[in-house]
Amino acid sequence: MGESRRQSSPPGRVCVLWALLILGVSFAGPAGAAERLLVFAAASLQGTVDTIARRFEKAGGSGVTISFAASSTLARQIERGAAPDVYLSASPKWTDRLEAGRWLRPGTLANLLGNRLVLVAPARQAAAVPIHKGFPLARLLGDGRLVMGDPSHVPAGQYARAALETLGVWRMVAPRVAGTPTVRHALALVARGEAPYGIVYATDARADPNVAVVGVFPEEYHPTIHYTVAVPSSSTHPQAETFVNFLRSSGARSVFEAQGFVVKGTGR
Amino acid sequence: MSVWPLSPAEIEALLLSVRIAVWSTLASLPLAVLAGFVLARYRFWGKEIVNGVLHMPLVLPPVVTGYLLLLLLGRRGPVGAWLEQTFGLVLAFRWTGAVVAAAVVAFPLMVRPIRLSLEAIDQRLEAAAATLGAGRLWIWLTVTLPLSLPGMVVGAILGFTRSLGEFGATITFVSNIPGETQTLSLAVHSALQVPGNEPRALRLTVIIVLVTIVALVASEMLGRYVARRTQGHA
């Protein structure tokens, strides 16, 4: 190395500089982050809820920050003290759990959307796969992987597993399944051609031109897909319920429907 | 909460972690010695660039390293497709891919101490061996290698421990498949995603802490043993 070291500055000056640096860094956080509305949303809502949030802001609502992840991951974060103002889950399972644990503001839990489950393949090698009892999915996979949201917790993976169980093929394909942290990871792996098949929502498939839908799972083969919305009890933001109502406005409805979601009534 | 006995799934994750870390260390050690040697002894154009590229996995976020590996070594990646066509070797979604991810991330940690120990060797010892008629390979084997052994041991230990704990590059490159690529760290991550799964995460955490303590004590003992040996020789 051999370069001669410069004479170091007096220790006192170094300490002062260091303290100033730390002070500077600690004040450099995003200004006014506290007043923004924090939304926790299922990963499959990426591309729709953010569009709707921008419209909400344009319509005079407060700024919206969105954290996308698997619904299960978000539910766990809420149980562990994360304090979002709105929680959008791809499965009633996780909102029901939070409701049972009194993590939700009473009376705010409602159904919002419906969706369909599809089998996708990379767009350039897609051939239709008829989905029926005992369809030869394992043979189609060969030594490739079937990607889906991790069936142990990600809602899309849980719906997919239920459908494959009803179709009597789960036991055959289970060893070939690669579970991903969110359904969108599975989508990306099929789009890149790393996996020959994946199971995602119809709306996900529409979001990526590099995948093609090769089969649609009949709805009676899996629990009905319900997206639920709720305001967590820890929320103090005055516009939390305003945002939930905005999700039901005609403007939001057109965004959801353009992506292929089925917009539901407010009933439970 | 009792950790013992381990469930079959936990044993599977534990063995997989150790297997991946051992292979990762074995595979990258010779390359790390070569890289350390070249960097310590040779001057050439672009040396700093080579040095920078070798150290990149240390600085890059592991998820970026994993993504780059997927782009390069995935079944559709330029190198991955070639490996599959030429050798029938598939890395994506396989434990072998996890070895590659761990090895790449651990590599700079192995090169650094090896390079330093090679630079610290008094080259007059090698010159003396040469005047006594020893060939270059013989000098390397009998003088250079033994003197740099402590650096290699430290490098191997650092590489092994880093491989054992690898997470970001692994989950990005080879996903999280139980029995294939789900190491202990990935199993903890999985357990933490699910509400109400805390006991499982806690059990796995205890296992990891125990494994880490064993690995650290063993490496400390190995390091001392080697240091004593080399000092005895020098």
# chains A, B, ... in the order shown; residues from 1 in each chain; ligands from 1
$ select_by_dssp --residues "range 30-214 of chain A" --states "helix (DSSP H, G or I)" --output "PyMOL selection string"
chain A and resi 33-35+43-45+49-58+71-79+92-100+123-125+137-141+155-166+170-176+183-191+202-207
$ select_by_dssp --residues "range 108-208 of chain A" --states "strand (DSSP E)" --output "JSON, numbers by chain"
{"A": [110, 111, 112, 113, 114, 117, 118, 119, 120, 121, 122, 146, 147, 148, 149, 177, 178, 179, 180, 197, 198, 199, 200, 201]}
$ atom_distance --atom1 "CA of Gly61 in chain A" --atom2 "CA of Leu109 in chain A"
21.4 Å
$ interface_residues --of "chain B" --to "chain A" --cutoff "7 Å" --atoms "only C-alpha atoms" --output "compact mmCIF listing (two decimals) with N, CA and C atoms, in the first residue's frame"
# COMPACT_ATOMS: atom_id res chain seq x y z
N GLY B 74 -29.74 -17.86 -14.57
CA GLY B 74 -31.06 -18.48 -14.67
C GLY B 74 -31.15 -19.29 -15.96
N ARG B 75 -32.22 -20.07 -16.08
CA ARG B 75 -32.33 -20.95 -17.26
C ARG B 75 -32.38 -20.16 -18.56
N ARG B 76 -32.84 -18.89 -18.47
CA ARG B 76 -32.88 -18.05 -19.67
C ARG B 76 -31.71 -17.09 -19.73
N SER B 175 -35.09 -18.98 -4.85
CA SER B 175 -36.38 -19.09 -4.20
C SER B 175 -36.26 -19.82 -2.85
N ASN B 176 -37.37 -20.25 -2.31
CA ASN B 176 -37.43 -20.72 -0.93
C ASN B 176 -38.16 -22.05 -0.90
N ILE B 177 -37.49 -23.11 -1.38
CA ILE B 177 -38.15 -24.40 -1.54
C ILE B 177 -37.72 -25.34 -0.42
N GLN B 193 -43.35 -14.80 8.28
CA GLN B 193 -44.36 -14.21 7.42
C GLN B 193 -45.77 -14.52 7.89
N VAL B 194 -45.88 -15.58 8.67
CA VAL B 194 -47.21 -16.09 8.98
C VAL B 194 -47.62 -15.68 10.39
N PRO B 195 -48.75 -15.00 10.52
CA PRO B 195 -49.22 -14.65 11.87
C PRO B 195 -49.41 -15.92 12.69
$ atom_distance --atom1 "CA of Asp50 in chain A" --atom2 "CA of Val183 in chain A"
17.2 Å
$ residues_around --residues "range 202-207 of chain A" --least-positions-apart "2" --cutoff "10 Å" --atoms "only C-alpha atoms" --output "compact mmCIF listing (two decimals) with N, CA and C atoms, in the first residue's frame"
# COMPACT_ATOMS: atom_id res chain seq x y z
N ALA A 43 -49.95 -7.66 -2.39
CA ALA A 43 -49.04 -7.43 -3.51
C ALA A 43 -49.77 -7.41 -4.85
N SER A 44 -50.84 -8.20 -4.95
CA SER A 44 -51.55 -8.27 -6.23
C SER A 44 -52.30 -6.98 -6.54
N LEU A 45 -52.36 -6.05 -5.59
CA LEU A 45 -53.04 -4.77 -5.84
C LEU A 45 -52.07 -3.71 -6.38
N GLN A 46 -50.82 -4.11 -6.53
CA GLN A 46 -49.83 -3.19 -7.07
C GLN A 46 -50.22 -2.82 -8.50
N GLY A 47 -50.23 -1.55 -8.78
CA GLY A 47 -50.64 -1.11 -10.10
C GLY A 47 -52.07 -0.60 -10.14
N THR A 48 -52.88 -1.00 -9.18
CA THR A 48 -54.26 -0.48 -9.13
C THR A 48 -54.43 0.45 -7.93
N ASN A 115 -61.67 -11.95 -7.52
CA ASN A 115 -60.63 -12.19 -8.50
C ASN A 115 -60.73 -13.63 -8.97
N ARG A 116 -60.00 -13.98 -10.00
CA ARG A 116 -59.97 -15.36 -10.49
C ARG A 116 -58.55 -15.87 -10.45
N LEU A 117 -58.44 -17.20 -10.41
CA LEU A 117 -57.14 -17.85 -10.36
C LEU A 117 -56.83 -18.42 -11.74
N VAL A 118 -55.63 -18.18 -12.25
CA VAL A 118 -55.29 -18.67 -13.59
C VAL A 118 -53.95 -19.38 -13.59
N LEU A 119 -53.78 -20.25 -14.59
CA LEU A 119 -52.50 -20.90 -14.84
C LEU A 119 -51.81 -20.08 -15.93
N VAL A 120 -50.57 -19.66 -15.67
CA VAL A 120 -49.87 -18.86 -16.68
C VAL A 120 -48.59 -19.57 -17.12
N ALA A 121 -48.14 -19.19 -18.33
CA ALA A 121 -46.90 -19.70 -18.89
C ALA A 121 -46.19 -18.53 -19.56
N VAL A 183 -47.30 -13.18 -4.62
CA VAL A 183 -47.74 -13.72 -5.90
C VAL A 183 -47.01 -13.04 -7.05
N ARG A 184 -46.62 -11.77 -6.85
CA ARG A 184 -45.93 -11.06 -7.92
C ARG A 184 -44.54 -11.62 -8.21
N ALA A 186 -43.89 -14.80 -8.15
CA ALA A 186 -44.20 -15.95 -9.01
C ALA A 186 -44.44 -15.47 -10.44
N LEU A 187 -45.18 -14.37 -10.56
CA LEU A 187 -45.46 -13.80 -11.88
C LEU A 187 -44.15 -13.45 -12.60
N ALA A 188 -43.23 -12.82 -11.86
CA ALA A 188 -41.96 -12.39 -12.46
C ALA A 188 -41.14 -13.59 -12.92
N ALA A 191 -42.63 -14.77 -16.12
CA ALA A 191 -42.37 -13.78 -17.17
C ALA A 191 -40.94 -13.89 -17.68
N GLY A 198 -47.00 -21.11 -13.71
CA GLY A 198 -47.23 -20.49 -12.42
C GLY A 198 -48.72 -20.32 -12.22
N ILE A 199 -49.13 -20.20 -10.95
CA ILE A 199 -50.54 -19.93 -10.66
C ILE A 199 -50.62 -18.56 -10.00
N VAL A 200 -51.34 -17.66 -10.65
CA VAL A 200 -51.45 -16.28 -10.16
C VAL A 200 -52.91 -15.85 -10.33
N PRO A 209 -47.22 -8.39 -19.84
CA PRO A 209 -47.38 -8.91 -21.19
C PRO A 209 -46.50 -10.12 -21.50
N ASN A 210 -45.53 -10.41 -20.61
CA ASN A 210 -44.64 -11.53 -20.89
C ASN A 210 -45.19 -12.87 -20.43
N VAL A 211 -46.37 -12.85 -19.82
CA VAL A 211 -46.99 -14.12 -19.47
C VAL A 211 -48.32 -14.25 -20.22
N ALA A 212 -48.71 -15.49 -20.46
CA ALA A 212 -49.99 -15.74 -21.12
C ALA A 212 -50.81 -16.66 -20.24
N VAL A 213 -52.11 -16.40 -20.18
CA VAL A 213 -53.01 -17.27 -19.44
C VAL A 213 -53.25 -18.52 -20.28
N VAL A 216 -57.87 -21.31 -16.91
CA VAL A 216 -58.55 -20.59 -15.83
C VAL A 216 -59.14 -21.63 -14.89
N PHE A 217 -58.87 -21.47 -13.59
CA PHE A 217 -59.40 -22.44 -12.63
C PHE A 217 -60.88 -22.16 -12.37
N PHE A 256 -60.15 -0.60 -10.94
CA PHE A 256 -60.17 -2.02 -10.57
C PHE A 256 -60.68 -2.88 -11.72
N GLU A 257 -61.78 -2.43 -12.33
CA GLU A 257 -62.39 -3.26 -13.38
C GLU A 257 -61.53 -3.31 -14.62
N ALA A 258 -60.80 -2.22 -14.90
CA ALA A 258 -59.91 -2.23 -16.07
C ALA A 258 -58.83 -3.30 -15.90
N GLN A 259 -58.46 -3.59 -14.65
CA GLN A 259 -57.43 -4.59 -14.41
C GLN A 259 -58.03 -5.99 -14.29
N GLY A 260 -59.36 -6.09 -14.27
CA GLY A 260 -59.99 -7.41 -14.23
C GLY A 260 -60.54 -7.81 -12.87
N PHE A 261 -60.48 -6.91 -11.89
CA PHE A 261 -61.08 -7.23 -10.59
C PHE A 261 -62.60 -7.17 -10.69
N VAL A 262 -63.25 -7.95 -9.84
CA VAL A 262 -64.70 -7.88 -9.72
C VAL A 262 -64.99 -7.02 -8.49
$ atom_distance --atom1 "CA of Ala162 in chain A" --atom2 "CA of Tyr221 in chain A"
7.3 Å
$ residues_around --residues "Ala215 in chain B" --least-positions-apart "4" --cutoff "8 Å" --atoms "only C-alpha atoms" --output "PyMOL selection string"
chain B and resi 161+211+219
$ closest_atom_pairs --of "range 152-180 of chain B" --to "range 29-38 of chain B" --cutoff "9 Å" --atoms "only C-alpha atoms" --output "CSV"
residue,atom,partner,partner_atom,distance
B:Met152,CA,B:Val33,CA,7.4
B:Gly155,CA,B:Leu29,CA,8.1
B:Ala156,CA,B:Leu29,CA,6.6
B:Gly159,CA,B:Leu29,CA,8.5
$ write_last_selection --atoms "N, CA and C atoms" --output "PDB file, in the first residue's frame"
ATOM      1  N   MET B 152      -5.446 -18.010   5.012  1.00  0.00           N
ATOM      2  CA  MET B 152      -6.389 -18.891   4.317  1.00  0.00           C
ATOM      3  C   MET B 152      -7.420 -19.455   5.290  1.00  0.00           C
ATOM      4  N   GLY B 155      -9.804 -16.730   6.053  1.00  0.00           N
ATOM      5  CA  GLY B 155     -10.666 -16.537   4.883  1.00  0.00           C
ATOM      6  C   GLY B 155     -11.717 -17.619   4.779  1.00  0.00           C
ATOM      7  N   ALA B 156     -11.291 -18.870   4.976  1.00  0.00           N
ATOM      8  CA  ALA B 156     -12.237 -19.985   4.876  1.00  0.00           C
ATOM      9  C   ALA B 156     -13.317 -19.874   5.949  1.00  0.00           C
ATOM     10  N   GLY B 159     -15.665 -17.069   5.093  1.00  0.00           N
ATOM     11  CA  GLY B 159     -16.502 -17.482   3.970  1.00  0.00           C
ATOM     12  C   GLY B 159     -17.567 -18.466   4.409  1.00  0.00           C
TER      13      GLY B 159
END
$ residues_around --residues "Asp143 in chain A" --least-positions-apart "3" --cutoff "10 Å" --atoms "only C-alpha atoms" --output "ChimeraX atom specification"
/A:138-140,146,176,195-196
$ write_last_selection --atoms "C-alpha atoms" --output "PDB file, in the first residue's frame"
ATOM      1  CA  ALA A 138     -46.904 -32.818 -13.196  1.00  0.00           C
ATOM      2  CA  ARG A 139     -46.118 -34.213 -16.655  1.00  0.00           C
ATOM      3  CA  LEU A 140     -46.401 -30.761 -18.230  1.00  0.00           C
ATOM      4  CA  LEU A 146     -44.573 -24.655 -10.637  1.00  0.00           C
ATOM      5  CA  ARG A 176     -42.271 -29.379  -7.920  1.00  0.00           C
ATOM      6  CA  ALA A 195     -40.498 -21.427 -14.506  1.00  0.00           C
ATOM      7  CA  PRO A 196     -42.675 -23.066 -17.197  1.00  0.00           C
TER       8      PRO A 196
END
$ residues_around --residues "range 183-188 of chain B" --least-positions-apart "2" --cutoff "7 Å" --atoms "only C-alpha atoms" --output "PyMOL selection string"
chain B and resi 13-14+16-17+165+167+176+181+190-192+201+204-205
$ write_last_selection --atoms "N, CA and C atoms" --output "short mmCIF file (atom, residue, chain, number, x, y, z; two decimals), in the first residue's frame"
data_model
loop_
_atom_site.label_atom_id
_atom_site.label_comp_id
_atom_site.auth_asym_id
_atom_site.auth_seq_id
_atom_site.Cartn_x
_atom_site.Cartn_y
_atom_site.Cartn_z
N ALA B 13 -33.52 -28.51 7.13
CA ALA B 13 -33.02 -27.15 6.89
C ALA B 13 -31.61 -26.99 7.44
N LEU B 14 -31.36 -27.58 8.62
CA LEU B 14 -30.04 -27.48 9.25
C LEU B 14 -28.98 -28.15 8.37
N LEU B 16 -29.15 -28.88 5.24
CA LEU B 16 -29.02 -28.17 3.97
C LEU B 16 -28.14 -26.94 4.13
N SER B 17 -28.33 -26.20 5.22
CA SER B 17 -27.51 -25.01 5.48
C SER B 17 -26.04 -25.38 5.54
N GLY B 165 -25.04 -17.95 6.80
CA GLY B 165 -26.10 -16.98 7.09
C GLY B 165 -26.69 -16.34 5.87
N PHE B 167 -28.79 -14.96 2.92
CA PHE B 167 -30.25 -14.90 2.81
C PHE B 167 -30.70 -14.23 1.51
N ASN B 176 -37.37 -20.25 -2.31
CA ASN B 176 -37.43 -20.72 -0.93
C ASN B 176 -38.16 -22.05 -0.90
N THR B 181 -33.87 -25.56 -1.33
CA THR B 181 -33.12 -24.32 -1.12
C THR B 181 -33.49 -23.61 0.18
N SER B 190 -39.56 -17.48 6.42
CA SER B 190 -40.88 -18.04 6.12
C SER B 190 -41.76 -18.05 7.36
N ALA B 191 -41.17 -18.53 8.47
CA ALA B 191 -41.96 -18.63 9.69
C ALA B 191 -42.45 -17.26 10.14
N LEU B 192 -41.64 -16.23 9.87
CA LEU B 192 -42.00 -14.89 10.33
C LEU B 192 -43.07 -14.24 9.46
N ALA B 201 -40.63 -19.81 14.54
CA ALA B 201 -39.53 -18.89 14.26
C ALA B 201 -38.54 -18.87 15.42
N LEU B 204 -36.36 -22.03 15.48
CA LEU B 204 -35.33 -21.95 14.45
C LEU B 204 -34.24 -20.97 14.85
N THR B 205 -34.66 -19.87 15.49
CA THR B 205 -33.68 -18.88 15.93
C THR B 205 -32.72 -19.48 16.94
#
$ residues_around --residues "Asp122 in chain B" --least-positions-apart "6" --cutoff "12 Å" --atoms "only C-alpha atoms" --output "tab-separated table (two decimals) with C-alpha atoms, in the first residue's frame"
chain	number	residue	atom	x	y	z
B	128	ALA	CA	16.44	-17.68	-0.30
B	129	ALA	CA	14.62	-20.86	-1.26
B	143	VAL	CA	7.36	-21.56	1.72
B	144	THR	CA	4.50	-19.37	0.49
B	147	LEU	CA	3.31	-18.92	5.65
B	148	SER	CA	-0.02	-17.73	4.33
B	234	ALA	CA	8.71	-20.35	10.72
